[in-house]
Protein chains: 2
Amino acid sequence: MTQTLTAPTSSPAGPAGLPAYDEVDRLAVDTLRVLAADMVQAANSGHPGLPMGAAPMAWALWSRHLRHDPAAPAWADRDRFVLSAGHGSALLYGLLHVTGYDLPEAELRAFRQLGSATPGHPEVGHTVGVETTTGPLGQGLAMAVGLALAERMTAARHPEITGHHTWALVGDGCLMEGVSHEAASLAAHLGLGRLVVLWDDNAITIDGATGLSTSEDQVARFEAYGWHVVRVLDGTDLVAIDAALAEAAADPRPSFVAVRTVIGHGAPGVEGTSKAHGSPLGAEVLAAAKARAGWGFGEFEVPSAVRERAREVAARGAAAHAAWRAAYDDYAGAHPESAAELERTWARGLPVDLGAALGSSEERTWPFPPENPVVRSSEEPNPAPTAPREWQDRATRVSSKAALEAARSVMPELVGGSADLAGSTGVDVPGFLVTRDDASGDLIAFGIREFAMAAVMNGLSLHGEWRAFGSTFLVFSDYLRPALRLAALMRQPVIHVLTHDSVAVGEDGPTHQPVEHVESLRLIPGLQVLRPADDAETALAWRLALERTDGPTALVLSRQTVPALPRDTPPTRAHAVRNPTDPDVEIVATGSEVALALVAAGALAADGVKARVVSAMDRSAYRPDHTLPRLSIEAGVTSGWRGLVDEAIGVDDFGASGPGPEVMAHVGLTPEAVVARVHALLATRRTPTRPNTQPSTTERE
Amino acid sequence: MTQTLTAPTSSPAGPAGLPAYDEVDRLAVDTLRVLAADMVQAANSGHPGLPMGAAPMAWALWSRHLRHDPAAPAWADRDRFVLSAGHGSALLYGLLHVTGYDLPEAELRAFRQLGSATPGHPEVGHTVGVETTTGPLGQGLAMAVGLALAERMTAARHPEITGHHTWALVGDGCLMEGVSHEAASLAAHLGLGRLVVLWDDNAITIDGATGLSTSEDQVARFEAYGWHVVRVLDGTDLVAIDAALAEAAADPRPSFVAVRTVIGHGAPGVEGTSKAHGSPLGAEVLAAAKARAGWGFGEFEVPSAVRERAREVAARGAAAHAAWRAAYDDYAGAHPESAAELERTWARGLPVDLGAALGSSEERTWPFPPENPVVRSSEEPNPAPTAPREWQDRATRVSSKAALEAARSVMPELVGGSADLAGSTGVDVPGFLVTRDDASGDLIAFGIREFAMAAVMNGLSLHGEWRAFGSTFLVFSDYLRPALRLAALMRQPVIHVLTHDSVAVGEDGPTHQPVEHVESLRLIPGLQVLRPADDAETALAWRLALERTDGPTALVLSRQTVPALPRDTPPTRAHAVRNPTDPDVEIVATGSEVALALVAAGALAADGVKARVVSAMDRSAYRPDHTLPRLSIEAGVTSGWRGLVDEAIGVDDFGASGPGPEVMAHVGLTPEAVVARVHALLATRRTPTRPNTQPSTTERE
């Protein structure tokens, strides 16, 4: 056996049971470099620098440490690999191609082209073998923490069939982003010993040397968190890398492997500089790089020796998978219920009794008769119930707690917690905290780390067994927005419990009063945003969130008490809660403003105005009645309502500190103000709409 | 002199030149505690825990280290104090009240009431002596970094009259938030030696002990960044605190002072627990706390001895201020131009030649005659200019670079940089980087730290002398959104350069293609969002951003080249760039889609349809022509347009990886698609709009 020629090796010995690294491994490393450079060159777009520098650590990991079966990319107990530095996608595609995943050469040639399986940044669900969507820096690392946490939690329940590692490759950018701090601190706290983070320490970012903007000691930083750290001083030394990976995998703490590399390794004139980061090498430099590597193969060619080595790798993976399959069959035989439960969660199946558990099914008795359509204002005492009373006057955050508790009673896979607001947001449900020593719990104290919470939720969800929820105040959804966007892009059914949903928060003032947030969440493609109006709608909202298996949900909930609304039928995403015959006006509202609308409607009735009131907890389900003047009420910015109604009542400026009801009055959210706005709207409708302008298009034609 | 009785002191000696801490200081500490507890109790809302635990460090700082003149809160060279743990506002209000700022007892009694000067969280501009708005955790620390950076930069230019410290008080939550990592790393890199961060290390958060969610060694972490660290093991020991503050102030590195405290100190039964964090103590516990402290004064009373001590403090501050004033007068005499420039920037004055510098003034020659209203598509070569050519076909990010460069030539106070995308976003203008050794530069390498960048910009702006800009890709505005919101709330005129503004970004794919972002920025109250269509509009956008002195601006700019549009008059916030007589349809567009609209309008003209095209770089300035069918085009989500037009063309789903023009075609943003949509819209207008529904309200009445 000869050693690799690209660099001196620190030891001739290979990992246990495997021969030492040899020429073929060297060739495999060069193959990954050349493939990446070829891809970027063909696309005339992309990032060759990271793949060329990180190819050795990637090959050592993928050929000897990563437990994977290219023929079965969905194997539940596979190791997970997260390319947190997602701009290095060409490296990942090269690894998948070489090791035998279903990613043929044609796809590499179509790198970054519309419709290819090789988009500019890795996209889970789009490319086989890609575990997470990455590119927004730092989030891959945080999702890896979630994946590793999922592994621990699964292993605590099914130890016989669970035992794999999570590996992440991060760049300088990932480590500069704040979310890396949140995620790394949490990983150490939870003792995620099967998490290994490889740092591609090339000291270069887009604008130049990292020394332009950072001086920190990353290794000392990770030690301060409680991580195990290993340094590899020569990132081309396969043996040193191998030893570091073996040590990292074995350590009971999460491990940080700092690998010193040269960005764009082997590209004459650009290696080691920011020029190698994000631009094609150009034909000339690419040719020179190939010549320097002694590359004697064609474009996109994988040398047969490398293919053969990759087949050995795949065979080892297949054998490991087969062994696991046998263990799983034993497990399923011994624990059929556990196995069935696992298989249900892998398939994102729901328990059949979900509706019953949440009290949101059609069978539920609806306590209010239709002939009693006027709601009580929240100040009035409740009338004595005339029918079995099930729904309560309470804050929807409290309703949410009840729904969550009920859901968890039938969905043990529903795990999560809060960014240090468990009690305030109503996720302080019965359960046990996951700790470093015991991962059999089902609640997670995420700490004051909203962004990492959301990214870890994404990782938990991606792992396969878990449905994840998290909570914070709605106003702080801004802190986690980048991860919520990624959840939507990845179609992960995570559930965000976002409470204290308007200026009614009161005394905490404008820094804590959401105004633009509900609307801004609605803008994220694929995010289901539900703002229920009362107890019954909150139960339905939870059901809709749980029944949705292909995308995230934001539950927007009140801090303050809201009355249980009168209904003769179960609520829906958007439905009339007051529906007089031949109405004069339609008022659509969401959340706590539905009760306000009902009180206003009652007052309007006294004025002889018949108002329909629609509760639209899912605004996208609201179908305006174009035959009626329409008015919306929501304690937030109005721009998204303007296309739906004639008049939008809301809050288009920051709030103020004061008791909630006073602040609501201050911004004009009172029954009196609503009544006045309705009368004004109807008055404009009784006279020609725009007396000084030309007739409307419809009238003209 | 006797020592404080609340705890053993480590040394009887006071700071240089001042007597040792004594009974009065002890009483002052208790006064701060009692005032805070009284405020929270009166409001029946708020956070007594931090004020009671941190009162000793606050008093030591404010009475002996903070250089401030309560009678002159705007003194330019005052020390800055940032309560990053903004929920402890009652402590800050107590300090301001006791030391003689214009915050009378009546305001303390009105704590958290609507219209009071004592809102739930500190608000700059609302309460005298409050330097920053805080509450969203972590951001105060990051703004303090900005304030400290501003001091260094000002000191580099005006050393004779600049030399003050920035102090921040942070809680556990601030340190768990990711932005603390970004900001702390940057502060160390820039060597901000006059920044001192006091950590209220009480080991309690809302949900309980910090041990629930974190295990890190904060001191080791800050050392890893390169900070000087000091520990105070007893947070009631005024002398130990004092020594730590003196050491911290003198060290050339930024200093982290870890002060071990007890949350809710002195409140029987709740101190040291999360119960003390965010709820009133209750009458009983409050009375017991007062009894235990031996408090013999009334509610909200400041003992006369404490008042007297505070007067001494204020007198020292006034003397320091007077000495500075004399130095300033000398400086202004010796350097009248420098002083005039400083005074202009303090007043947020603009150089009179700003319009001329940017080429956006009315006097500018407009090269395109009105009789040539059809724009070239971006693929066509430019025609030979028939008039002196000034505006160019180029990406608006490139136009922005030119405008920024021009603005900086007359506004030396315009400083900033990028989150590692200087070249891509066009802020790689001539200038010098601020470094640890030389702060006389005017460009800042923020690193891959979008959130800290935005918060540091806020700090730079709050300091008074500087106008700050920063840049990243539009899609990553999500990462900095919490700080942008705070900029709007604080009315700080920071400028965010946000480029790569649509799916036209192309190959980088959906993770890098903004879709919802322009609209979501428009939702933030007080944020000016400008998406210019070409070179001339970009110059105007910069001018509008700079002329705005009471709020932030987001400049939304294209990656791809856009043509210089035909105009016979200077552009405005929203104006017709094609305006045929008796138009059939109005097309409103922004940014790169204006050129698309013009090409479509040209094609429509061939079909006999006369289209007006409005470029609305500031959508809020667009006034729909209700006499015409209207259609909007913007490569982003459409919901905000629906109230303005009959038909909104946009992108309501995530994009895809591929060459930019192909992606634009993929999502339907081609001239052909626009033409078809216009014809379809006009067709619906030629037939009854809703044949199957009832007549419209207007028609009924």
# chains A, B, ... in the order shown; residues from 1 in each chain; ligands from 1
$ select_by_dssp --residues "region 558-647 of chain A" --states "alpha helix (DSSP H)" --output "list in words"
Glu593, Val594, Ala595, Leu596, Ala597, Leu598, Val599, Ala600, Ala601, Gly602, Ala603, Leu604, Ala605 and Ala606 of chain A
$ write_last_selection --atoms "N, CA, C and O atoms" --output "tab-separated table (two decimals), in the first residue's frame"
chain	number	residue	atom	x	y	z
A	593	GLU	N	-60.00	39.81	17.11
A	593	GLU	CA	-60.85	40.86	16.55
A	593	GLU	C	-62.20	40.33	16.08
A	593	GLU	O	-63.08	41.11	15.72
A	594	VAL	N	-62.38	39.00	16.06
A	594	VAL	CA	-63.69	38.47	15.68
A	594	VAL	C	-64.72	38.83	16.77
A	594	VAL	O	-65.85	39.24	16.47
A	595	ALA	N	-64.32	38.69	18.01
A	595	ALA	CA	-65.24	39.06	19.10
A	595	ALA	C	-65.57	40.54	19.03
A	595	ALA	O	-66.73	40.95	19.22
A	596	LEU	N	-64.57	41.34	18.72
A	596	LEU	CA	-64.80	42.77	18.54
A	596	LEU	C	-65.81	43.01	17.42
A	596	LEU	O	-66.74	43.82	17.55
A	597	ALA	N	-65.65	42.30	16.34
A	597	ALA	CA	-66.56	42.45	15.21
A	597	ALA	C	-67.98	42.06	15.61
A	597	ALA	O	-68.96	42.71	15.20
A	598	LEU	N	-68.10	41.03	16.41
A	598	LEU	CA	-69.43	40.59	16.83
A	598	LEU	C	-70.09	41.61	17.75
A	598	LEU	O	-71.30	41.87	17.65
A	599	VAL	N	-69.33	42.18	18.63
A	599	VAL	CA	-69.90	43.22	19.50
A	599	VAL	C	-70.33	44.41	18.65
A	599	VAL	O	-71.42	44.96	18.82
A	600	ALA	N	-69.48	44.78	17.70
A	600	ALA	CA	-69.84	45.88	16.80
A	600	ALA	C	-71.09	45.53	16.00
A	600	ALA	O	-71.98	46.37	15.81
A	601	ALA	N	-71.18	44.29	15.56
A	601	ALA	CA	-72.35	43.87	14.78
A	601	ALA	C	-73.61	43.96	15.62
A	601	ALA	O	-74.68	44.34	15.13
A	602	GLY	N	-73.49	43.64	16.90
A	602	GLY	CA	-74.63	43.77	17.78
A	602	GLY	C	-75.08	45.22	17.89
A	602	GLY	O	-76.28	45.53	17.83
A	603	ALA	N	-74.13	46.11	18.01
A	603	ALA	CA	-74.46	47.54	18.09
A	603	ALA	C	-75.04	48.03	16.77
A	603	ALA	O	-75.98	48.83	16.73
A	604	LEU	N	-74.49	47.53	15.66
A	604	LEU	CA	-75.02	47.92	14.35
A	604	LEU	C	-76.46	47.47	14.19
A	604	LEU	O	-77.28	48.17	13.57
A	605	ALA	N	-76.76	46.29	14.73
A	605	ALA	CA	-78.13	45.78	14.63
A	605	ALA	C	-79.10	46.75	15.28
A	605	ALA	O	-80.21	46.99	14.77
A	606	ALA	N	-78.66	47.34	16.38
A	606	ALA	CA	-79.50	48.32	17.05
A	606	ALA	C	-79.73	49.55	16.17
A	606	ALA	O	-80.73	50.26	16.29
$ closest_atom_pairs --of "region 139-237 of chain A" --to "region 463-482 of chain A" --cutoff "10 Å" --atoms "only C-alpha atoms" --output "CSV"
residue,atom,partner,partner_atom,distance
A:Gln139,CA,A:Pro482,CA,8.6
A:Met143,CA,A:His463,CA,9.8
A:Ala144,CA,A:His463,CA,9.7
A:Gly146,CA,A:His463,CA,8.2
A:Leu147,CA,A:His463,CA,5.6
A:Ala148,CA,A:His463,CA,8.6
A:Leu149,CA,A:His463,CA,9.3
A:Ala150,CA,A:His463,CA,6.4
A:Glu151,CA,A:His463,CA,7.7
A:Met153,CA,A:Trp466,CA,9.3
A:Thr154,CA,A:Glu465,CA,7.5
A:Val179,CA,A:Leu480,CA,9.6
$ write_last_selection --atoms "all heavy atoms" --output "compact mmCIF listing (two decimals), in the first residue's frame"
# COMPACT_ATOMS: atom_id res chain seq x y z
N GLN A 139 -27.37 27.87 9.06
CA GLN A 139 -28.55 27.07 9.33
C GLN A 139 -28.30 25.58 9.17
O GLN A 139 -28.96 24.76 9.82
CB GLN A 139 -29.72 27.50 8.46
CG GLN A 139 -30.26 28.86 8.82
CD GLN A 139 -31.63 29.10 8.21
OE1 GLN A 139 -32.59 28.40 8.53
NE2 GLN A 139 -31.72 30.08 7.34
N MET A 143 -29.42 22.88 11.77
CA MET A 143 -30.26 21.73 11.42
C MET A 143 -29.55 20.41 11.76
O MET A 143 -30.20 19.44 12.14
CB MET A 143 -30.63 21.78 9.94
CG MET A 143 -31.66 22.84 9.63
SD MET A 143 -32.32 22.75 7.95
CE MET A 143 -30.99 23.51 7.03
N ALA A 144 -28.24 20.40 11.62
CA ALA A 144 -27.49 19.20 12.01
C ALA A 144 -27.66 18.93 13.51
O ALA A 144 -27.77 17.77 13.92
CB ALA A 144 -26.01 19.36 11.65
N GLY A 146 -30.31 19.62 15.13
CA GLY A 146 -31.65 19.03 15.20
C GLY A 146 -31.65 17.57 14.78
O GLY A 146 -32.30 16.73 15.42
N LEU A 147 -30.92 17.25 13.73
CA LEU A 147 -30.84 15.86 13.29
C LEU A 147 -30.18 14.99 14.36
O LEU A 147 -30.62 13.87 14.63
CB LEU A 147 -30.04 15.78 11.97
CG LEU A 147 -30.75 16.31 10.72
CD1 LEU A 147 -29.74 16.53 9.58
CD2 LEU A 147 -31.84 15.34 10.26
N ALA A 148 -29.13 15.53 14.95
CA ALA A 148 -28.43 14.76 15.98
C ALA A 148 -29.29 14.60 17.23
O ALA A 148 -29.27 13.54 17.88
CB ALA A 148 -27.10 15.46 16.34
N LEU A 149 -30.05 15.62 17.54
CA LEU A 149 -30.97 15.51 18.67
C LEU A 149 -32.05 14.46 18.37
O LEU A 149 -32.41 13.65 19.24
CB LEU A 149 -31.61 16.88 18.94
CG LEU A 149 -32.70 16.94 20.01
CD1 LEU A 149 -32.19 16.43 21.36
CD2 LEU A 149 -33.24 18.37 20.14
N ALA A 150 -32.53 14.47 17.15
CA ALA A 150 -33.54 13.47 16.75
C ALA A 150 -32.97 12.06 16.91
O ALA A 150 -33.66 11.15 17.39
CB ALA A 150 -33.97 13.71 15.31
N GLU A 151 -31.72 11.89 16.52
CA GLU A 151 -31.11 10.57 16.65
C GLU A 151 -31.06 10.14 18.11
O GLU A 151 -31.43 9.01 18.46
CB GLU A 151 -29.70 10.59 16.05
CG GLU A 151 -29.07 9.21 15.92
CD GLU A 151 -28.33 8.72 17.17
OE1 GLU A 151 -28.07 9.52 18.10
OE2 GLU A 151 -28.04 7.50 17.22
N MET A 153 -32.96 11.13 20.55
CA MET A 153 -34.31 10.90 21.06
C MET A 153 -34.87 9.58 20.52
O MET A 153 -35.54 8.83 21.24
CB MET A 153 -35.22 12.09 20.70
CG MET A 153 -34.82 13.37 21.44
SD MET A 153 -35.75 14.84 20.90
CE MET A 153 -37.39 14.42 21.50
N THR A 154 -34.60 9.31 19.26
CA THR A 154 -35.04 8.03 18.70
C THR A 154 -34.30 6.88 19.36
O THR A 154 -34.90 5.84 19.69
CB THR A 154 -34.80 8.02 17.17
OG1 THR A 154 -35.46 9.15 16.59
CG2 THR A 154 -35.35 6.75 16.54
N VAL A 179 -26.47 32.23 14.47
CA VAL A 179 -27.18 30.98 14.75
C VAL A 179 -26.21 29.87 15.11
O VAL A 179 -26.56 28.92 15.81
CB VAL A 179 -28.09 30.61 13.56
CG1 VAL A 179 -27.28 30.14 12.36
CG2 VAL A 179 -29.12 29.55 13.96
$ select_by_dssp --residues "region 471-609 of chain B" --states "strand (DSSP E)" --output "PyMOL selection string"
chain B and resi 471-473+495-499+528-530+553-556+561-562+575-578+585-589
$ residues_around --residues "Ser304 (chain B)" --least-positions-apart "4" --cutoff "12 Å" --atoms "only C-alpha atoms" --output "JSON, numbers by chain"
{"B": [24, 27, 28, 31, 98, 297, 308, 309, 310, 311]}
$ closest_residue --among "A:Leu186, A:Met52, A:Glu299, A:Leu169" --to "Ala106 (chain A)" --atoms "only C-alpha atoms"
A:Glu299
$ closest_residue --among "A:Ala319, A:Leu175, A:Leu498, A:Val257" --to "chain B" --atoms "only C-alpha atoms"
A:Leu175
$ closest_residue --among "A:Glu247, A:Asp582, A:Glu182, A:Asp550" --to "Met490 (chain A)" --atoms "only C-alpha atoms"
A:Asp550
$ atom_distance --atom1 "CA of Ala90 (chain B)" --atom2 "CA of Glu123 (chain B)"
12.4 Å
$ residues_around --residues "region 630-634 of chain A" --least-positions-apart "2" --cutoff "7 Å" --atoms "only C-alpha atoms" --output "list in words"
Val585, Glu586, Ile587, Val588, Ala589, Thr590, Glu593, Leu628, Gly636, Trp641, Val645, Asp646, Glu647, Ala648, Ile649 and Gly650 of chain A
$ write_last_selection --atoms "all heavy atoms" --output "compact mmCIF listing (two decimals), in the first residue's frame"
# COMPACT_ATOMS: atom_id res chain seq x y z
N VAL A 585 -73.78 44.42 5.20
CA VAL A 585 -72.32 44.58 5.19
C VAL A 585 -71.69 43.27 5.65
O VAL A 585 -72.31 42.52 6.42
CB VAL A 585 -71.90 45.77 6.11
CG1 VAL A 585 -72.26 45.49 7.57
CG2 VAL A 585 -70.42 46.09 5.99
N GLU A 586 -70.48 43.02 5.13
CA GLU A 586 -69.74 41.84 5.59
C GLU A 586 -68.49 42.33 6.33
O GLU A 586 -67.69 43.10 5.77
CB GLU A 586 -69.33 40.97 4.40
CG GLU A 586 -68.52 39.74 4.78
CD GLU A 586 -68.37 38.77 3.60
OE1 GLU A 586 -69.38 38.08 3.29
OE2 GLU A 586 -67.29 38.73 2.98
N ILE A 587 -68.37 41.89 7.55
CA ILE A 587 -67.17 42.21 8.33
C ILE A 587 -66.36 40.93 8.47
O ILE A 587 -66.87 39.92 8.97
CB ILE A 587 -67.52 42.75 9.74
CG1 ILE A 587 -68.45 43.97 9.64
CG2 ILE A 587 -66.26 43.09 10.51
CD1 ILE A 587 -68.90 44.50 11.00
N VAL A 588 -65.13 40.98 8.01
CA VAL A 588 -64.25 39.81 8.16
C VAL A 588 -63.18 40.17 9.17
O VAL A 588 -62.63 41.27 9.15
CB VAL A 588 -63.65 39.37 6.80
CG1 VAL A 588 -62.92 40.52 6.12
CG2 VAL A 588 -62.73 38.17 6.97
N ALA A 589 -62.91 39.26 10.07
CA ALA A 589 -61.92 39.51 11.11
C ALA A 589 -61.18 38.22 11.40
O ALA A 589 -61.56 37.13 10.96
CB ALA A 589 -62.60 40.04 12.38
N THR A 590 -60.08 38.36 12.14
CA THR A 590 -59.33 37.18 12.56
C THR A 590 -59.03 37.30 14.05
O THR A 590 -59.02 38.39 14.61
CB THR A 590 -58.00 37.03 11.80
OG1 THR A 590 -57.08 38.02 12.28
CG2 THR A 590 -58.18 37.17 10.29
N GLU A 593 -60.00 39.81 17.11
CA GLU A 593 -60.85 40.86 16.55
C GLU A 593 -62.20 40.33 16.08
O GLU A 593 -63.08 41.11 15.72
CB GLU A 593 -60.13 41.61 15.44
CG GLU A 593 -59.08 42.57 15.94
CD GLU A 593 -57.88 41.87 16.54
OE1 GLU A 593 -57.10 41.27 15.78
OE2 GLU A 593 -57.73 41.89 17.80
N LEU A 628 -71.54 42.60 -1.38
CA LEU A 628 -71.70 43.41 -0.17
C LEU A 628 -70.54 44.37 0.02
O LEU A 628 -69.40 44.05 -0.35
CB LEU A 628 -71.76 42.51 1.07
CG LEU A 628 -73.01 41.65 1.27
CD1 LEU A 628 -72.84 40.81 2.52
CD2 LEU A 628 -74.25 42.53 1.38
N GLY A 636 -53.33 44.54 13.03
CA GLY A 636 -52.04 44.49 12.37
C GLY A 636 -52.11 45.32 11.11
O GLY A 636 -53.15 45.94 10.83
N TRP A 641 -55.05 43.23 3.31
CA TRP A 641 -56.52 43.15 3.31
C TRP A 641 -57.14 44.00 2.21
O TRP A 641 -58.30 43.80 1.85
CB TRP A 641 -57.07 43.61 4.67
CG TRP A 641 -56.83 42.63 5.77
CD1 TRP A 641 -55.84 42.69 6.71
CD2 TRP A 641 -57.58 41.45 6.06
NE1 TRP A 641 -55.93 41.61 7.56
CE2 TRP A 641 -57.00 40.83 7.19
CE3 TRP A 641 -58.70 40.84 5.47
CZ2 TRP A 641 -57.48 39.65 7.73
CZ3 TRP A 641 -59.19 39.67 6.01
CH2 TRP A 641 -58.58 39.08 7.13
N VAL A 645 -61.24 43.78 0.73
CA VAL A 645 -62.35 44.53 1.34
C VAL A 645 -62.31 45.99 0.88
O VAL A 645 -61.33 46.45 0.29
CB VAL A 645 -62.27 44.48 2.88
CG1 VAL A 645 -62.43 43.04 3.38
CG2 VAL A 645 -60.96 45.07 3.38
N ASP A 646 -63.38 46.69 1.19
CA ASP A 646 -63.46 48.10 0.83
C ASP A 646 -62.79 48.99 1.87
O ASP A 646 -62.33 50.08 1.56
CB ASP A 646 -64.94 48.52 0.70
CG ASP A 646 -65.66 47.65 -0.30
OD1 ASP A 646 -65.29 47.70 -1.49
OD2 ASP A 646 -66.57 46.90 0.11
N GLU A 647 -62.74 48.48 3.08
CA GLU A 647 -62.23 49.28 4.19
C GLU A 647 -61.51 48.32 5.13
O GLU A 647 -62.09 47.31 5.54
CB GLU A 647 -63.40 49.95 4.92
CG GLU A 647 -63.05 50.79 6.09
CD GLU A 647 -62.66 52.21 5.69
OE1 GLU A 647 -62.80 52.55 4.49
OE2 GLU A 647 -62.24 52.96 6.57
N ALA A 648 -60.27 48.65 5.45
CA ALA A 648 -59.50 47.76 6.32
C ALA A 648 -59.16 48.48 7.61
O ALA A 648 -58.50 49.52 7.58
CB ALA A 648 -58.22 47.30 5.61
N ILE A 649 -59.64 47.94 8.69
CA ILE A 649 -59.31 48.49 10.00
C ILE A 649 -58.15 47.69 10.58
O ILE A 649 -58.21 46.46 10.62
CB ILE A 649 -60.53 48.42 10.96
CG1 ILE A 649 -61.68 49.24 10.38
CG2 ILE A 649 -60.15 48.90 12.36
CD1 ILE A 649 -62.92 49.25 11.27
N GLY A 650 -57.12 48.39 11.00
CA GLY A 650 -55.97 47.69 11.53
C GLY A 650 -55.02 48.63 12.22
O GLY A 650 -55.42 49.69 12.71
$ residues_around --residues "Arg67 (chain B)" --least-positions-apart "3" --cutoff "10 Å" --atoms "only C-alpha atoms" --output "VMD selection string"
chain B and resid 61 to 64 70 77 to 81 164 to 166 313 to 314 316 to 318 320 to 321
$ residues_around --residues "His512 (chain B)" --least-positions-apart "6" --cutoff "10 Å" --atoms "only C-alpha atoms" --output "tab-separated table (two decimals) with N, CA, C and O atoms, in the first residue's frame"
chain	number	residue	atom	x	y	z
A	120	GLY	N	-28.25	25.18	-7.64
A	120	GLY	CA	-27.11	25.94	-7.13
A	120	GLY	C	-26.77	25.66	-5.69
A	120	GLY	O	-25.60	25.61	-5.30
A	121	HIS	N	-27.78	25.48	-4.88
A	121	HIS	CA	-27.58	25.08	-3.49
A	121	HIS	C	-28.38	23.80	-3.26
A	121	HIS	O	-29.41	23.59	-3.89
A	135	GLY	N	-27.57	26.78	2.28
A	135	GLY	CA	-27.16	27.94	1.50
A	135	GLY	C	-27.20	29.18	2.39
A	135	GLY	O	-26.19	29.88	2.52
A	136	PRO	N	-28.33	29.44	3.01
A	136	PRO	CA	-28.35	30.51	4.03
A	136	PRO	C	-27.43	30.08	5.18
A	136	PRO	O	-27.70	29.08	5.86
B	473	PHE	N	-27.44	40.59	0.44
B	473	PHE	CA	-28.46	40.22	-0.54
B	473	PHE	C	-29.84	40.43	0.09
B	473	PHE	O	-30.04	40.18	1.28
B	474	LEU	N	-30.79	40.81	-0.75
B	474	LEU	CA	-32.15	41.06	-0.25
B	474	LEU	C	-32.69	39.86	0.51
B	474	LEU	O	-33.36	40.01	1.55
B	475	VAL	N	-32.41	38.66	0.02
B	475	VAL	CA	-32.98	37.47	0.66
B	475	VAL	C	-32.50	37.36	2.11
B	475	VAL	O	-33.20	36.81	2.96
B	476	PHE	N	-31.33	37.88	2.39
B	476	PHE	CA	-30.81	37.79	3.74
B	476	PHE	C	-31.23	38.96	4.63
B	476	PHE	O	-30.79	39.07	5.77
B	500	HIS	N	-29.62	41.87	-5.51
B	500	HIS	CA	-30.02	40.53	-5.96
B	500	HIS	C	-31.48	40.32	-5.57
B	500	HIS	O	-31.84	39.42	-4.83
B	501	ASP	N	-32.32	41.19	-6.13
B	501	ASP	CA	-33.63	41.47	-5.54
B	501	ASP	C	-34.79	40.65	-6.07
B	501	ASP	O	-35.94	41.00	-5.79
B	502	SER	N	-34.52	39.58	-6.80
B	502	SER	CA	-35.64	38.78	-7.31
B	502	SER	C	-35.14	37.41	-7.76
B	502	SER	O	-33.95	37.11	-7.68
B	503	VAL	N	-36.06	36.62	-8.29
B	503	VAL	CA	-35.67	35.32	-8.82
B	503	VAL	C	-34.71	35.46	-10.00
B	503	VAL	O	-34.08	34.48	-10.40
B	505	VAL	N	-32.00	36.50	-9.84
B	505	VAL	CA	-30.69	36.09	-9.30
B	505	VAL	C	-30.20	34.85	-10.03
B	505	VAL	O	-29.01	34.70	-10.30
B	506	GLY	N	-31.14	33.97	-10.34
B	506	GLY	CA	-30.80	32.86	-11.22
B	506	GLY	C	-30.22	31.64	-10.55
B	506	GLY	O	-30.87	31.01	-9.70
B	655	GLY	N	-38.72	30.38	-6.13
B	655	GLY	CA	-38.13	30.30	-7.46
B	655	GLY	C	-37.44	28.98	-7.70
B	655	GLY	O	-37.78	27.95	-7.10
B	656	ALA	N	-36.47	28.99	-8.58
B	656	ALA	CA	-35.76	27.77	-8.95
B	656	ALA	C	-34.37	28.14	-9.43
B	656	ALA	O	-34.12	29.28	-9.84
B	657	SER	N	-33.49	27.16	-9.40
B	657	SER	CA	-32.12	27.38	-9.83
B	657	SER	C	-32.02	27.25	-11.34
B	657	SER	O	-32.45	26.25	-11.92
